[in-house]
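Enquirer: Just one file: input.cif, with mmCIF, C-alpha atoms.
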```cif
data_target
loop_
_atom_site.label_atom_id
_atom_site.label_comp_id
_atom_site.auth_asym_id
_atom_site.auth_seq_id
_atom_site.Cartn_x
_atom_site.Cartn_y
_atom_site.Cartn_z
CA MET H 1013 -4.84 12.13 -14.58
CA SER H 1014 -7.12 9.98 -16.74
CA ASP H 1015 -10.53 8.57 -15.87
CA ALA H 1016 -8.88 5.19 -15.27
CA VAL H 1017 -7.39 6.42 -11.97
CA LEU H 1018 -9.14 9.00 -9.79
CA TYR H 1019 -7.44 11.25 -7.24
CA GLU H 1020 -9.32 12.94 -4.41
CA MET H 1021 -8.27 14.77 -1.24
CA ARG H 1022 -10.24 14.46 2.01
CA ASP H 1023 -8.67 16.71 4.59
CA ARG H 1024 -5.04 15.49 4.56
CA VAL H 1025 -5.74 12.07 3.09
CA ALA H 1026 -5.38 11.31 -0.65
CA ILE H 1027 -7.78 8.71 -2.04
CA ILE H 1028 -6.46 6.99 -5.19
CA THR H 1029 -9.10 4.89 -6.97
CA ILE H 1030 -8.58 2.47 -9.84
CA ASN H 1031 -11.65 3.17 -11.95
CA ARG H 1032 -12.14 0.34 -14.42
CA PRO H 1033 -14.79 -1.84 -12.73
CA GLU H 1034 -16.04 -3.12 -16.09
CA SER H 1035 -12.62 -4.78 -16.55
CA ARG H 1036 -12.27 -5.88 -12.91
CA ASN H 1037 -9.87 -2.96 -12.47
CA ALA H 1038 -7.14 -4.84 -14.33
CA ILE H 1039 -3.83 -3.07 -14.92
CA SER H 1040 -4.24 -1.50 -18.35
CA GLU H 1041 -1.88 1.08 -19.79
CA ASP H 1042 -4.18 3.85 -18.54
CA VAL H 1043 -4.19 2.39 -15.04
CA ARG H 1044 -0.44 1.91 -15.05
CA VAL H 1045 0.26 5.49 -16.12
CA GLY H 1046 -2.47 6.86 -13.85
CA LEU H 1047 -1.04 5.18 -10.75
CA PHE H 1048 2.44 6.51 -11.48
CA GLU H 1049 0.99 10.03 -11.75
CA ALA H 1050 -1.26 9.71 -8.69
CA PHE H 1051 1.55 8.58 -6.40
CA ARG H 1052 3.84 11.29 -7.78
CA ILE H 1053 1.22 13.92 -6.89
CA PHE H 1054 0.76 12.42 -3.42
CA ASN H 1055 4.47 12.27 -2.69
CA GLU H 1056 5.06 15.87 -3.75
CA ASP H 1057 2.07 17.33 -1.88
CA ASP H 1058 3.16 18.34 1.63
CA ASN H 1059 -0.49 18.71 2.62
CA ALA H 1060 -1.18 15.02 1.90
CA LEU H 1061 0.01 12.91 4.82
CA VAL H 1062 -1.54 9.51 4.05
CA ALA H 1063 -2.86 7.87 0.88
CA ILE H 1064 -5.56 5.22 0.45
CA LEU H 1065 -5.41 2.96 -2.62
CA THR H 1066 -8.76 1.42 -3.51
CA ALA H 1067 -10.87 0.56 -6.56
CA ALA H 1068 -14.32 1.18 -8.00
CA GLY H 1069 -17.10 -1.34 -7.65
CA ASP H 1070 -17.42 -4.25 -5.26
CA ARG H 1071 -16.29 -7.19 -7.41
CA ALA H 1072 -12.58 -6.58 -7.82
CA PHE H 1073 -9.81 -4.51 -6.28
CA CYS H 1074 -7.56 -5.46 -9.19
CA ALA H 1075 -7.49 -8.57 -11.35
CA GLY H 1076 -3.81 -8.07 -12.18
CA MET H 1077 -2.40 -7.59 -15.65
CA ASN H 1078 -4.74 -7.58 -18.63
CA LEU H 1079 -3.88 -11.07 -19.91
CA LYS H 1080 -5.69 -10.59 -23.22
CA ALA H 1081 -3.62 -7.50 -23.97
CA LEU H 1082 -0.52 -9.35 -22.82
CA ALA H 1083 -1.28 -12.25 -25.18
CA ASN H 1084 -1.82 -9.85 -28.08
CA ALA H 1085 1.56 -8.30 -27.32
CA GLY H 1086 3.22 -11.70 -27.47
CA GLY H 1087 3.51 -11.89 -23.67
CA LYS H 1088 6.44 -9.48 -23.64
CA ILE H 1089 6.58 -6.68 -21.10
CA PRO H 1090 9.51 -4.70 -19.66
CA PRO H 1091 11.00 -5.76 -16.30
CA TRP H 1092 8.34 -5.43 -13.59
CA ARG H 1093 10.43 -3.00 -11.54
CA GLU H 1094 10.24 -0.51 -14.40
CA PHE H 1095 6.83 -1.34 -15.80
CA LEU H 1096 4.55 -1.67 -12.77
CA PRO H 1097 3.82 1.27 -10.41
CA VAL H 1098 5.25 -0.51 -7.36
CA LEU H 1099 5.98 1.57 -4.27
CA GLY H 1100 9.56 1.18 -3.12
CA GLU H 1101 10.64 -0.01 -6.57
CA ALA H 1102 9.43 2.07 -9.52
CA ILE H 1103 7.99 4.78 -7.25
CA GLN H 1104 9.53 6.16 -4.08
CA VAL H 1105 6.97 7.41 -1.56
CA GLY H 1106 8.00 8.44 1.94
CA LYS H 1107 4.53 8.57 3.52
CA PRO H 1108 2.10 5.85 4.64
CA VAL H 1109 -0.21 4.21 2.10
CA ILE H 1110 -3.23 2.09 3.04
CA ALA H 1111 -4.79 -0.49 0.70
CA ALA H 1112 -8.60 -0.63 0.94
CA VAL H 1113 -9.34 -3.90 -0.85
CA ASN H 1114 -12.94 -4.00 -2.05
CA GLY H 1115 -13.01 -7.33 -3.91
CA ALA H 1116 -10.75 -9.79 -5.68
CA ALA H 1117 -7.02 -8.99 -5.61
CA ARG H 1118 -5.25 -11.35 -8.00
CA ALA H 1119 -1.62 -11.49 -9.16
CA GLY H 1120 -0.74 -7.84 -9.81
CA GLY H 1121 -3.72 -6.93 -7.65
CA TRP H 1122 -2.13 -8.82 -4.74
CA LEU H 1123 1.08 -6.93 -5.50
CA LEU H 1124 -0.71 -3.57 -5.27
CA ALA H 1125 -2.10 -4.54 -1.85
CA GLN H 1126 1.28 -5.94 -0.78
CA MET H 1127 3.18 -2.77 -1.63
CA CYS H 1128 1.04 -0.66 0.71
CA ASP H 1129 2.04 -0.20 4.34
CA LEU H 1130 -1.33 -1.26 5.77
CA CYS H 1131 -4.31 -3.17 4.40
CA VAL H 1132 -8.02 -3.03 5.22
CA ALA H 1133 -10.18 -5.59 3.43
CA ALA H 1134 -13.90 -5.91 2.81
CA GLU H 1135 -15.46 -9.17 3.98
CA ASN H 1136 -15.99 -10.23 0.35
CA ALA H 1137 -12.36 -9.56 -0.63
CA THR H 1138 -10.21 -12.43 -1.87
CA PHE H 1139 -6.48 -12.62 -2.52
CA GLY H 1140 -4.51 -14.84 -4.84
CA ILE H 1141 -1.06 -15.15 -6.41
CA SER H 1142 -2.18 -16.89 -9.59
CA GLU H 1143 0.87 -16.55 -11.86
CA VAL H 1144 1.71 -20.29 -11.78
CA ARG H 1145 -1.59 -20.94 -13.53
CA VAL H 1146 -0.66 -18.85 -16.56
CA GLY H 1147 3.08 -19.44 -16.73
CA ARG H 1148 4.12 -16.09 -15.34
CA GLY H 1149 6.58 -15.25 -12.57
CA THR H 1150 6.39 -13.73 -9.09
CA PRO H 1151 9.77 -12.11 -8.33
CA TRP H 1152 7.89 -9.27 -6.66
CA SER H 1153 6.52 -11.62 -3.99
CA ALA H 1154 9.86 -12.06 -2.16
CA PRO H 1155 8.88 -9.76 0.77
CA LEU H 1156 6.11 -12.22 1.66
CA ALA H 1157 8.65 -14.63 3.18
CA GLN H 1158 9.05 -12.10 5.98
CA MET H 1159 5.48 -10.83 6.02
CA LEU H 1160 3.79 -14.24 6.16
CA GLY H 1161 6.33 -16.89 7.03
CA ARG H 1162 7.75 -19.52 4.67
CA ARG H 1163 4.96 -22.10 4.80
CA HIS H 1164 2.13 -19.67 4.06
CA TYR H 1165 4.19 -18.03 1.32
CA MET H 1166 5.05 -21.39 -0.23
CA GLU H 1167 1.43 -22.52 -0.34
CA LEU H 1168 0.27 -19.33 -2.03
CA VAL H 1169 2.88 -19.27 -4.80
CA LEU H 1170 2.84 -23.03 -5.52
CA THR H 1171 -0.91 -23.62 -5.63
CA GLY H 1172 -2.19 -20.35 -7.06
CA GLU H 1173 -5.30 -20.89 -4.92
CA PRO H 1174 -7.02 -17.74 -3.64
CA ILE H 1175 -7.74 -17.10 0.04
CA ASP H 1176 -10.57 -15.11 1.57
CA ALA H 1177 -10.19 -11.92 3.61
CA GLN H 1178 -10.42 -13.70 6.95
CA ARG H 1179 -7.61 -16.09 6.02
CA ALA H 1180 -5.52 -13.16 4.78
CA TYR H 1181 -6.06 -11.55 8.18
CA GLU H 1182 -5.10 -14.73 10.04
CA ILE H 1183 -1.77 -15.07 8.24
CA GLY H 1184 -0.91 -11.41 8.75
CA PHE H 1185 -1.43 -9.93 5.28
CA VAL H 1186 -4.49 -7.87 6.25
CA ASN H 1187 -4.77 -5.54 9.25
CA LYS H 1188 -8.56 -5.46 9.49
CA VAL H 1189 -11.60 -7.11 7.85
CA VAL H 1190 -14.76 -5.01 7.73
CA PRO H 1191 -18.22 -5.07 6.10
CA SER H 1192 -18.06 -3.94 2.48
CA GLU H 1193 -20.18 -0.86 3.07
CA LYS H 1194 -17.78 0.34 5.78
CA LEU H 1195 -14.53 -0.26 3.89
CA LEU H 1196 -13.66 3.31 2.94
CA ASP H 1197 -14.84 4.70 6.27
CA GLU H 1198 -12.59 2.27 8.15
CA ALA H 1199 -9.62 3.07 5.90
CA LEU H 1200 -10.23 6.79 6.40
CA ALA H 1201 -10.46 6.31 10.18
CA LEU H 1202 -7.10 4.52 10.15
CA ALA H 1203 -5.60 7.25 7.97
CA ASP H 1204 -7.03 9.95 10.24
CA CYS H 1205 -5.42 8.28 13.25
CA ILE H 1206 -2.06 8.49 11.50
CA THR H 1207 -2.51 12.12 10.38
CA ARG H 1208 -2.99 13.20 14.00
CA ASN H 1209 0.58 12.12 14.78
CA ALA H 1210 3.78 14.08 14.20
CA PRO H 1211 4.61 13.79 10.46
CA LEU H 1212 8.38 13.50 10.91
CA SER H 1213 7.96 10.79 13.54
CA VAL H 1214 5.53 8.88 11.32
CA ARG H 1215 7.84 8.93 8.31
CA ALA H 1216 10.89 7.89 10.34
CA ALA H 1217 8.96 5.10 12.08
CA ARG H 1218 7.71 3.81 8.73
CA GLU H 1219 11.26 3.81 7.35
CA LEU H 1220 12.55 2.00 10.43
CA VAL H 1221 10.10 -0.87 9.89
CA TYR H 1222 11.47 -1.41 6.38
CA LEU H 1223 15.08 -1.02 7.50
CA THR H 1224 14.57 -3.75 10.10
CA GLY H 1225 13.40 -6.14 7.41
CA GLU H 1226 16.24 -5.32 5.04
CA MET H 1227 19.15 -4.99 7.48
CA GLY H 1228 18.29 -7.11 10.48
CA THR H 1229 17.55 -5.84 13.97
CA ASN H 1230 21.03 -4.81 15.12
CA ALA H 1231 22.01 -2.94 11.97
CA ALA H 1232 18.60 -1.27 11.76
CA THR H 1233 18.84 -0.14 15.38
CA ARG H 1234 22.14 1.58 14.64
CA ALA H 1235 20.75 3.12 11.47
CA ALA H 1236 17.73 4.36 13.41
CA ASP H 1237 19.91 6.66 15.49
CA HIS H 1238 20.67 8.61 12.33
CA LEU H 1239 17.12 8.24 11.03
CA PHE H 1240 15.56 9.82 14.11
CA ALA H 1241 18.21 12.52 14.65
CA THR H 1242 16.20 15.08 12.69
CA VAL H 1243 13.05 14.06 14.57
CA TYR H 1244 14.61 14.77 17.97
CA ALA H 1245 15.99 18.09 16.70
CA SER H 1246 12.68 19.26 15.21
CA GLU H 1247 10.21 21.89 16.39
CA ASP H 1248 7.61 19.13 16.65
CA ALA H 1249 9.76 17.33 19.25
CA VAL H 1250 9.34 20.39 21.45
CA GLU H 1251 5.68 20.91 20.57
CA GLY H 1252 4.62 17.39 21.53
CA PRO H 1253 5.62 17.48 25.22
CA GLN H 1254 4.50 21.12 25.45
CA ALA H 1255 1.03 20.28 24.15
CA PHE H 1256 0.82 17.32 26.53
CA GLN H 1257 1.72 19.54 29.48
CA GLU H 1258 -0.85 22.15 28.43
CA LYS H 1259 -3.51 19.47 27.83
CA ARG H 1260 -4.20 20.51 24.25
CA ALA H 1261 -3.91 18.96 20.81
CA PRO H 1262 -0.44 19.45 19.32
CA VAL H 1263 0.01 21.64 16.26
CA TRP H 1264 2.42 19.77 14.05
CA ARG H 1265 4.54 21.73 11.58
CA GLY H 1266 6.59 18.92 10.11
CA ARG H 1267 9.84 20.67 10.91
#
```
Output the structure of this file as structure tokens.
Expert:
Amino acid sequence: MSDAVLYEMRDRVAIITINRPESRNAISEDVRVGLFEAFRIFNEDDNALVAILTAAGDRAFCAGMNLKALANAGGKIPPWREFLPVLGEAIQVGKPVIAAVNGAARAGGWLLAQMCDLCVAAENATFGISEVRVGRGTPWSAPLAQMLGRRHYMELVLTGEPIDAQRAYEIGFVNKVVPSEKLLDEALALADCITRNAPLSVRAARELVYLTGEMGTNAATRAADHLFATVYASEDAVEGPQAFQEKRAPVWRGR
């Protein structure tokens, strides 16, 4: 891990922080490599149940690609699926990830928030898909048609105009808007709520949400029978009802 991306564990929650506030936390080579490594560590650590992706400072979550560096390189980068540390594309992570957006999220910064399963935003956060303003593309934004609806999606990608945190909440991109000083605490509270649940059930439920979007309701329902088979057959499936009957907190073993 480099100084450009920090990795910290709090109980069973991994906090991944983009640490280039002087450059509005833009995606430099150090950030790109650091995010790949951070999510690899998170995915392989059985003790880490949820991750929070956030950034240093209060001005920017991520300003997207470093356009100056891109211009100096002649504007040529590898295909985004290989180049950018996008969950579900370049990186496979089977556990929940929460975006804690502390400021401006532009272009690739929007993408980083979009790729997370949940999103908590500071009141001063703003979001924008600005590629049309600099002649770049947004193939990565396709999931927004389902997340936001066609009209909201169309407005964002055609105008390049940013929206504030409240508007992002209203159209369904953000789960919660909170005061800036409470951002990390609120994200940690949400993560803690998830970590108290049975790990196998959480992972299967998360996968089911994505299957429904990709396959449609009927096909996803059939696939879910297979997806949850290991959940029903697990020790945790016995522990949950037993703990409820005994009026105690369950002790999850993830098996």
Enquirer: For this structure, which residues satisfy the selection - the PyMOL selection byres ((chain H and resi 1100) around 12) - when it is evaluated on the file as given? I want them as a list of chain:residue names.
Expert: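 Applying the expression gives H:Phe1051, H:Arg1093, H:Glu1094, H:Leu1096, H:Pro1097, H:Val1098, H:Leu1099, H:Glu1101, H:Ala1102, H:Ile1103, H:Gln1104, H:Val1105, H:Gly1106, H:Lys1107, H:Pro1108, H:Val1109, H:Leu1123, H:Leu1124, H:Gln1126, H:Met1127, H:Cys1128, H:Asp1129, H:Trp1152, H:Pro1155, H:Glu1219, H:Tyr1222.
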Enquirer: Can you spit out the residues from that selection as a PDB file, in the frame of the given file, using C-alpha atoms?
Expert:
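This is the output file again21.pdb:
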```pdb
ATOM      1  CA  PHE H1051       1.550   8.580  -6.400  1.00  0.00           C
ATOM      2  CA  ARG H1093      10.430  -3.000 -11.540  1.00  0.00           C
ATOM      3  CA  GLU H1094      10.240  -0.510 -14.400  1.00  0.00           C
ATOM      4  CA  LEU H1096       4.550  -1.670 -12.770  1.00  0.00           C
ATOM      5  CA  PRO H1097       3.820   1.270 -10.410  1.00  0.00           C
ATOM      6  CA  VAL H1098       5.250  -0.510  -7.360  1.00  0.00           C
ATOM      7  CA  LEU H1099       5.980   1.570  -4.270  1.00  0.00           C
ATOM      8  CA  GLU H1101      10.640  -0.010  -6.570  1.00  0.00           C
ATOM      9  CA  ALA H1102       9.430   2.070  -9.520  1.00  0.00           C
ATOM     10  CA  ILE H1103       7.990   4.780  -7.250  1.00  0.00           C
ATOM     11  CA  GLN H1104       9.530   6.160  -4.080  1.00  0.00           C
ATOM     12  CA  VAL H1105       6.970   7.410  -1.560  1.00  0.00           C
ATOM     13  CA  GLY H1106       8.000   8.440   1.940  1.00  0.00           C
ATOM     14  CA  LYS H1107       4.530   8.570   3.520  1.00  0.00           C
ATOM     15  CA  PRO H1108       2.100   5.850   4.640  1.00  0.00           C
ATOM     16  CA  VAL H1109      -0.210   4.210   2.100  1.00  0.00           C
ATOM     17  CA  LEU H1123       1.080  -6.930  -5.500  1.00  0.00           C
ATOM     18  CA  LEU H1124      -0.710  -3.570  -5.270  1.00  0.00           C
ATOM     19  CA  GLN H1126       1.280  -5.940  -0.780  1.00  0.00           C
ATOM     20  CA  MET H1127       3.180  -2.770  -1.630  1.00  0.00           C
ATOM     21  CA  CYS H1128       1.040  -0.660   0.710  1.00  0.00           C
ATOM     22  CA  ASP H1129       2.040  -0.200   4.340  1.00  0.00           C
ATOM     23  CA  TRP H1152       7.890  -9.270  -6.660  1.00  0.00           C
ATOM     24  CA  PRO H1155       8.880  -9.760   0.770  1.00  0.00           C
ATOM     25  CA  GLU H1219      11.260   3.810   7.350  1.00  0.00           C
ATOM     26  CA  TYR H1222      11.470  -1.410   6.380  1.00  0.00           C
TER      27      TYR H1222
END
```
Enquirer: Which residues are close to Ser1035 (chain H), i.e. within 10 Å by all atoms listed in the file, leaving aside same-chain residues fewer than 2 positions away? Reply as a VMD selection string.
Expert: chain H and resid 1031 to 1033 1037 to 1040 1072 1074 to 1075 1078
Enquirer: For CA of Glu1135 (chain H) and CA of Ala1177 (chain H), quote the distance in Å rounded to one decimal.
Expert: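 Distance between the two atoms: 6.0 Å.
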Enquirer: Mind telling me what the PyMOL selection byres ((chain H and resi 1210) around 7) catches here, as a PyMOL selection string?
Expert: chain H and resi 1208-1209+1211-1214+1248+1264+1266
Enquirer: Those same residues, written as a JSON list (two decimals), in the frame of the given file with C-alpha atoms?
Expert:
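Output file result-v2.json follows:
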```
[["chain", "number", "residue", "atom", "x", "y", "z"],
["H", 1208, "ARG", "CA", -2.99, 13.20, 14.00],
["H", 1209, "ASN", "CA", 0.58, 12.12, 14.78],
["H", 1211, "PRO", "CA", 4.61, 13.79, 10.46],
["H", 1212, "LEU", "CA", 8.38, 13.50, 10.91],
["H", 1213, "SER", "CA", 7.96, 10.79, 13.54],
["H", 1214, "VAL", "CA", 5.53, 8.88, 11.32],
["H", 1248, "ASP", "CA", 7.61, 19.13, 16.65],
["H", 1264, "TRP", "CA", 2.42, 19.77, 14.05],
["H", 1266, "GLY", "CA", 6.59, 18.92, 10.11]]
```
Enquirer: Which of these, H:Ala1116, H:Ala1063, H:Met1077, H:Val1132, has the shortest distance to Asp1197 (chain H) once you count all atoms listed in the file?
Expert: H:Val1132
Enquirer: Would you mind reading off the distance between CA of Met1159 (chain H) and CA of Gly1046 (chain H), one decimal, in Å?
Expert: 27.8 Å
Enquirer: Could you expand the PyMOL selection byres ((chain H and resi 1140-1145) around 12) into the explicit residues it covers here, written as a PyMOL selection string?
Expert: chain H and resi 1072-1077+1079+1115-1126+1137-1139+1146-1153+1156+1164-1177+1179-1180+1185
Enquirer: Can you work out the spacing between CA of Asn1136 (chain H) and CA of Glu1020 (chain H) in Å, to one decimal?
Expert: 24.6 Å
Enquirer: Can you work out which one of H:Ser1014, H:Gly1161, H:Ala1236, H:Leu1047 has the shortest atom-to-atom distance to Gly1184 (chain H), counting only C-alpha atoms?
Expert: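 Comparing H:Ser1014, H:Gly1161, H:Ala1236, H:Leu1047 against Gly1184 (chain H), the winner is H:Gly1161.
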Enquirer: Check the smallest atom-to-atom distance from each of H:Pro1253, H:Arg1163, H:Gly1225, H:Ala1111 to Val1189 (chain H) using only C-alpha atoms, then report the winner.
Expert: H:Ala1111
Enquirer: Residues proximal to (9.5, 23.6, 17.3) were defined as those with any atom within 10 Å of that point in the file's coordinates, counting only C-alpha atoms. Which are they, as a PyMOL selection string?
Expert: chain H and resi 1245-1252+1254+1263-1267
Enquirer: Please determine, counting all atoms listed in the file, which residue among H:Ala1112, H:Ala1050, H:Ala1241, H:Ile1028 has the shortest atom-to-atom distance to Leu1196 (chain H).
Expert: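 The shortest atom-to-atom distance to Leu1196 (chain H) comes from H:Ala1112.
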Enquirer: Looking at H:Glu1034, H:Gly1069, H:Ala1201, H:Ala1217, which one is nearest to Ala1232 (chain H), with distances taken over all atoms listed in the file?
Expert: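 The shortest atom-to-atom distance to Ala1232 (chain H) comes from H:Ala1217.
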Enquirer: Using all atoms listed in the file, which of H:Arg1071, H:Val1062, H:Ala1016, H:Ile1027 sits nearest Val1045 (chain H)?
Expert: H:Ala1016
